[in-house]
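Following: one structure in structure tokens, then a few remarks.
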Amino acid sequence: MAKQKSLKLNYIYNVSYQVLSLITPLITTPYVSRVLGADGIGDYSFTASVVTYFSMVAVLGTLTYGNREISYLQDDRKARSKLFWEIELLSFLSTGICTAAYLIFLLFCDRSRFSLYAIQTISIVCVAFDIAWLLQGMEEFGKVMFRNMLFKVINIVFIFTAVRDKDDLFLYVAGMVLLALASNLSIWFYLPQYIDRPVWKELHPMRHLKPTLALFIPSVAMSIYTVFDKTMIGLFSNNFENGYYEQALKISKTALTLVTALGAVMIPRMGYYFNQKNMDKVKELTYQSYNFVWFLGVPLSFGLIGISQNLVPWFYGKGYDKINVLLPILGLLIIIIGLSNVTGIQYFVTTKRERLLTATVIIGAVVNFICNLILIPKLYSIGASIASVAAEAVITLTQLYFIRNELSFTRIMAQSVKYLLAGACMLLVLFFENHYLSPSVLHSCIMIFSGAIVYFIALFILKDQFFFAYAKQVLQKLRHK
């Protein structure tokens with residue numbers, strides 16, 4: 001690699017965007033929840049879940065596959081250019097087929113939701129123009145971050161200026177999909193820096209079909225418990241239940257992005273070392289990733305559980321009391337998915353063992369489907385939440401079993417002890433504060449701040465080396481400024 005990028009700097013870039021992603025719903029969700037109502041959000045959630053099936057097929061496995069393959073060719077512009085255009089041509093082909101299929105679906109869809117379905121055709125078209133995987137494979141996370149941050153800010157401004165009442169649901173959805181398309185198109189301006197013009201006669205896009213399908217299969221299975229649960233809630237219940245589930249899941253998944261942000265940074269670096277046949281380095285980075293998941297995932301998960309009763313009433317407004325029950329359940333996903341992201345996406349995909357990822361995800365999908373059928377008709381959104389946690393837990397444990405002869409399960413679990421103890425201390429403090437602090441913005445902020453202080457003090461007392469190492473680096477940089 002001519003000049004290896006800093007993993008820490010790339011993570012800072014990626015986390016900066018994820019922090020904005022975290023702040024965005026904190027700013028917009030209370031407003032949108034009140035303006036559109038649980039039924040309006042549920043309507044959007046249901047239609048979007050259907051559109052996602054088409055988008056998912058359009059993607060195939062090109063995003064993860066492209067990221068990985070580009071990382072192997074960071075030093076070879078000619079080969080990289082050929083690879084890029086082949087993958088992109090395949091993406092245009094799959095997107096075209098899926099768009100045509102979706103237009104046929106529009107002829108038979110629910111007429112009362114036709115406008116919502118129709119405008120979301122753009123979501124499928126977006127797939128073909130998403131080339132963020134190129135910059136990620138080149139470890140150029142700064143450029144991805146600035147592009148994403150710009151459109152997040154535009155997104156916030158749009159919501160507050162254009163969405164005024166329940167009748168603006170169509171406008172809200174239209175704005176979301178059009179901004180997503182504009183965001184994807186904007187990244188094409190960077191293309192000449194990394195890619196040459198295509199030599200059409202040398203391109204063979206179909207040679208990438210089989211490996212992308214290998215990554216597509218687990219993504220299809222994964223949709224069972226990330227999308228199909230919303231569809232099933234809509235079928236067995238009503239828009240209100242879907243609205244509760246959508247909003248609770250959004251907060252949980254937003255917090256999760258802070259943990260999984262490291263994965264996007266690690267994949268190209270691990271791919272580079274794997275291509276150099278340096279498996280010791282690949283394993284070392286994998287252990288570091290597990291440690292990071294415990295370090296950040298535990299306080300986020302436990303914090304969400306502890307603060308939910310104070311947060312929900314003022315954050316969502318009236319009519320969202322059920323989220324008080326959903327958030328503590330879905331908060332567990334932060335740790336569980338964080339661990340499976342390291343094993344499945346970082347380790348299996350980087351080392352070209354997508355079959356293992358596929359097997360674990362299919363097992364999890366079956367578990368989720370069965371749990372959904374049993375629980376959703378009786379418990380609605382609560383049942384979907386329990387099913388999601390159960391499925392993700394099965395996936396994570398199955399993956400750790402598959403790598404038992406390569407990575408130490410004992411070492412991975414042992415890394416968690418100090419963080420779980422510190423998290424338990426934090427959770428006790430939050431439960432205590434809940435008895436004395438009424439729901440409000442100020443009190444929620446106090447709880448977040450005090451919880452973080454307790455967590456880090458506990459790690460200091462427990463002498464956690466991971467915490468000390470990063471705290472030392474931060475202090476050194478502050479002294480040099």
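Chain labels run A, B, ... following the order of the structure tokens; each chain numbers its residues from 1, and ligands are numbered from 1 in the order shown.
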Would you kindly return, as a PyMOL selection string, each protein, DNA or RNA residue with an atom no farther than 12 Å from any atom of A:Leu171, considering only C-alpha atoms and excluding same-chain residues fewer than 2 positions away?
chain A and resi 36+44+115-116+119-120+158-169+173-179
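Residues in contact with A:Asp39 at 12 Å, where only C-alpha atoms are counted and same-chain residues fewer than 4 positions away are skipped, are listed as Val32, Ser33, Arg34, Val35, Asp43, Tyr44, Ser45, Phe46, Lys166, Leu169, Gly234, Ser237, Asn238, Asn239, Phe240, Glu241, Asn242, Gly243, Tyr244, Tyr245, Glu246, Gln247, Gly319 and Tyr320 of chain A.
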Take the residues just selected and output them with C-alpha atoms as a PDB file, in the first residue's frame.
ATOM      1  CA  VAL A  32     -41.925  13.875  13.167  1.00  0.00           C
ATOM      2  CA  SER A  33     -43.585  11.695  15.843  1.00  0.00           C
ATOM      3  CA  ARG A  34     -45.915  14.536  16.772  1.00  0.00           C
ATOM      4  CA  VAL A  35     -46.580  15.824  13.256  1.00  0.00           C
ATOM      5  CA  ASP A  43     -47.899   3.558   7.145  1.00  0.00           C
ATOM      6  CA  TYR A  44     -44.488   4.671   5.902  1.00  0.00           C
ATOM      7  CA  SER A  45     -42.755   1.843   7.777  1.00  0.00           C
ATOM      8  CA  PHE A  46     -45.009  -0.791   6.192  1.00  0.00           C
ATOM      9  CA  LYS A 166     -50.167  14.693   8.878  1.00  0.00           C
ATOM     10  CA  LEU A 169     -46.551  12.268   4.818  1.00  0.00           C
ATOM     11  CA  GLY A 234     -48.751  -4.673   9.544  1.00  0.00           C
ATOM     12  CA  SER A 237     -51.926  -5.696  13.780  1.00  0.00           C
ATOM     13  CA  ASN A 238     -52.196  -2.027  12.782  1.00  0.00           C
ATOM     14  CA  ASN A 239     -50.186   1.020  11.785  1.00  0.00           C
ATOM     15  CA  PHE A 240     -49.873   2.165  15.393  1.00  0.00           C
ATOM     16  CA  GLU A 241     -47.987  -0.994  16.442  1.00  0.00           C
ATOM     17  CA  ASN A 242     -45.720  -0.619  13.421  1.00  0.00           C
ATOM     18  CA  GLY A 243     -45.124   3.004  14.359  1.00  0.00           C
ATOM     19  CA  TYR A 244     -44.086   2.038  17.909  1.00  0.00           C
ATOM     20  CA  TYR A 245     -41.748  -0.658  16.627  1.00  0.00           C
ATOM     21  CA  GLU A 246     -40.284   1.564  13.901  1.00  0.00           C
ATOM     22  CA  GLN A 247     -39.443   4.384  16.306  1.00  0.00           C
ATOM     23  CA  GLY A 319     -49.370   8.106  22.427  1.00  0.00           C
ATOM     24  CA  TYR A 320     -45.985   6.364  22.427  1.00  0.00           C
TER      25      TYR A 320
END
Need to verify the contact set: A:Ala359, 10 Å, only C-alpha atoms, exclusion of same-chain residues closer than 5 positions in sequence. Can you return it as a tab-separated table (two decimals) with N, CA and C atoms, in the first residue's frame?
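Output file part_0.tsv follows:
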chain	number	residue	atom	x	y	z
A	217	ILE	N	-27.20	-13.85	-0.57
A	217	ILE	CA	-28.02	-14.84	0.14
A	217	ILE	C	-28.17	-14.52	1.62
A	218	PRO	N	-27.06	-14.23	2.35
A	218	PRO	CA	-27.26	-13.87	3.75
A	218	PRO	C	-28.03	-12.57	3.94
A	221	ALA	N	-31.66	-13.50	3.74
A	221	ALA	CA	-32.08	-14.15	4.99
A	221	ALA	C	-32.19	-13.13	6.11
A	354	GLU	N	-17.98	-16.54	2.87
A	354	GLU	CA	-19.36	-16.08	2.93
A	354	GLU	C	-20.34	-17.20	3.24
A	364	GLY	N	-30.58	-17.98	11.83
A	364	GLY	CA	-31.21	-16.89	12.56
A	364	GLY	C	-32.54	-16.49	11.95
A	365	ALA	N	-32.61	-16.50	10.62
A	365	ALA	CA	-33.85	-16.12	9.93
A	365	ALA	C	-34.97	-17.11	10.24
A	395	ILE	N	-27.63	-16.12	15.89
A	395	ILE	CA	-26.62	-15.86	14.86
A	395	ILE	C	-25.24	-15.66	15.48
A	398	THR	N	-23.83	-18.91	16.99
A	398	THR	CA	-23.48	-19.86	15.94
A	398	THR	C	-22.17	-19.46	15.25
A	399	GLN	N	-22.01	-18.18	14.99
A	399	GLN	CA	-20.76	-17.70	14.37
A	399	GLN	C	-19.56	-17.95	15.27
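Omitting A:His204 and its sequence neighbours fewer than 4 positions away, and counting only C-alpha atoms, the residues within 9 Å are Lys82, Glu86, Trp200 and His208 of chain A.
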Give me the residues near A:Leu213 as a PyMOL selection string, where near means some atom within 8 Å (using only C-alpha atoms) and where sequence neighbours in that chain fewer than 3 positions away do not count.
chain A and resi 60-61+209-210+216-217
Export of prior selection with N, CA and C atoms as a PDB file, in the first residue's frame:
ATOM      1  N   LEU A  60     -27.896  -6.937  -4.582  1.00  0.00           N
ATOM      2  CA  LEU A  60     -27.186  -8.228  -4.562  1.00  0.00           C
ATOM      3  C   LEU A  60     -26.244  -8.186  -3.349  1.00  0.00           C
ATOM      4  N   GLY A  61     -24.963  -8.445  -3.564  1.00  0.00           N
ATOM      5  CA  GLY A  61     -24.019  -8.305  -2.462  1.00  0.00           C
ATOM      6  C   GLY A  61     -22.927  -7.344  -2.831  1.00  0.00           C
ATOM      7  N   LEU A 209     -20.967 -12.186 -10.663  1.00  0.00           N
ATOM      8  CA  LEU A 209     -22.319 -12.553 -10.237  1.00  0.00           C
ATOM      9  C   LEU A 209     -22.308 -13.595  -9.121  1.00  0.00           C
ATOM     10  N   LYS A 210     -21.512 -14.626  -9.287  1.00  0.00           N
ATOM     11  CA  LYS A 210     -21.482 -15.700  -8.290  1.00  0.00           C
ATOM     12  C   LYS A 210     -21.005 -15.213  -6.921  1.00  0.00           C
ATOM     13  N   PHE A 216     -25.249 -12.003  -1.268  1.00  0.00           N
ATOM     14  CA  PHE A 216     -26.656 -11.639  -1.386  1.00  0.00           C
ATOM     15  C   PHE A 216     -27.545 -12.579  -0.563  1.00  0.00           C
ATOM     16  N   ILE A 217     -27.201 -13.848  -0.565  1.00  0.00           N
ATOM     17  CA  ILE A 217     -28.021 -14.844   0.141  1.00  0.00           C
ATOM     18  C   ILE A 217     -28.167 -14.520   1.619  1.00  0.00           C
TER      19      ILE A 217
END
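With only C-alpha atoms as the atoms that count, the minimum distance from A:Thr62 to the choices A:Ile376, A:Ala248, A:Leu93, A:Val325 is reached by A:Leu93.
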Counting only C-alpha atoms, closest pick from A:Leu421, A:Cys371, A:Leu311, A:Ile334 relative to A:Asn434 is A:Leu311
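Proximity ranking of A:Lys322, A:Asn278, A:Leu256, A:Val366 relative to A:Asn341 places A:Leu256 first, based on only C-alpha atoms.
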Find the spatial neighbours of A:Gly306, counting only C-alpha atoms, within a cut-off of 10 Å - ignore same-chain residues fewer than 6 positions away - and output them as a PyMOL selection string.
chain A and resi 299-300+327-328+331+426-434+447-448+451
Could you write those residues out with C-alpha atoms, as an mmCIF file, in the first residue's frame?
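Saved file out_13.cif follows:
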data_model
loop_
_atom_site.group_PDB
_atom_site.id
_atom_site.type_symbol
_atom_site.label_atom_id
_atom_site.label_comp_id
_atom_site.auth_asym_id
_atom_site.auth_seq_id
_atom_site.Cartn_x
_atom_site.Cartn_y
_atom_site.Cartn_z
ATOM 1 C CA PRO A 299 -22.724 1.379 27.998
ATOM 2 C CA LEU A 300 -24.890 2.145 24.959
ATOM 3 C CA LEU A 327 -36.529 0.050 24.029
ATOM 4 C CA PRO A 328 -35.130 -2.111 26.862
ATOM 5 C CA GLY A 331 -31.330 -2.151 23.401
ATOM 6 C CA MET A 426 -24.050 2.493 35.562
ATOM 7 C CA LEU A 427 -27.421 0.779 35.224
ATOM 8 C CA LEU A 428 -27.984 0.744 39.000
ATOM 9 C CA VAL A 429 -27.320 4.494 39.125
ATOM 10 C CA LEU A 430 -29.758 5.107 36.262
ATOM 11 C CA PHE A 431 -32.486 3.021 37.908
ATOM 12 C CA PHE A 432 -31.957 5.004 41.125
ATOM 13 C CA GLU A 433 -32.166 8.327 39.248
ATOM 14 C CA ASN A 434 -35.390 7.229 37.550
ATOM 15 C CA MET A 447 -28.771 10.774 33.400
ATOM 16 C CA ILE A 448 -26.694 10.338 30.238
ATOM 17 C CA GLY A 451 -24.156 7.274 33.561
#
In stretch 313-480 of chain A, what's alpha helix (DSSP H) per DSSP? Answer as a ChimeraX atom specification?
/A:313-316,323-330,333-340,349-350,354-379,381-402,409-414,417-434,441-461,465-480
Report as number ranges by chain all protein, DNA and RNA residues lying within 8 Å of A:Tyr117, evaluated on only C-alpha atoms, omitting residues in the same chain fewer than 5 positions from it.
A: 47-48, 51, 106
Take the residues just selected and output them with C-alpha atoms as a tab-separated table (two decimals), in the first residue's frame.
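Written output follows (out.tsv):
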chain	number	residue	atom	x	y	z
A	47	THR	CA	-44.63	0.48	2.62
A	48	ALA	CA	-40.88	0.97	3.05
A	51	VAL	CA	-39.88	-1.56	-1.13
A	106	LEU	CA	-47.39	-0.97	-8.52
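Nearest-residue note for A:Ala255: choosing from A:Gly338, A:Leu103, A:Glu406, A:Ser416, the minimum distance belongs to A:Gly338, counting only C-alpha atoms.
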Proximity to A:Arg147 - best of A:Ser186, A:Val342, A:Ser91, A:Ile97, only C-alpha atoms
A:Ser186
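Counting only C-alpha atoms, the residue from A:Met138, A:Ile233, A:Pro439, A:Phe84 that sits nearest to A:Tyr316 is A:Pro439.
Interatomic distance, atom CA of A:Val282 to atom CA of A:Leu63: 21.0 Å.
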Grab the atom CA of A:Ala422 to atom CA of A:Leu400 distance for me, in Å with one decimal place.
24.1 Å
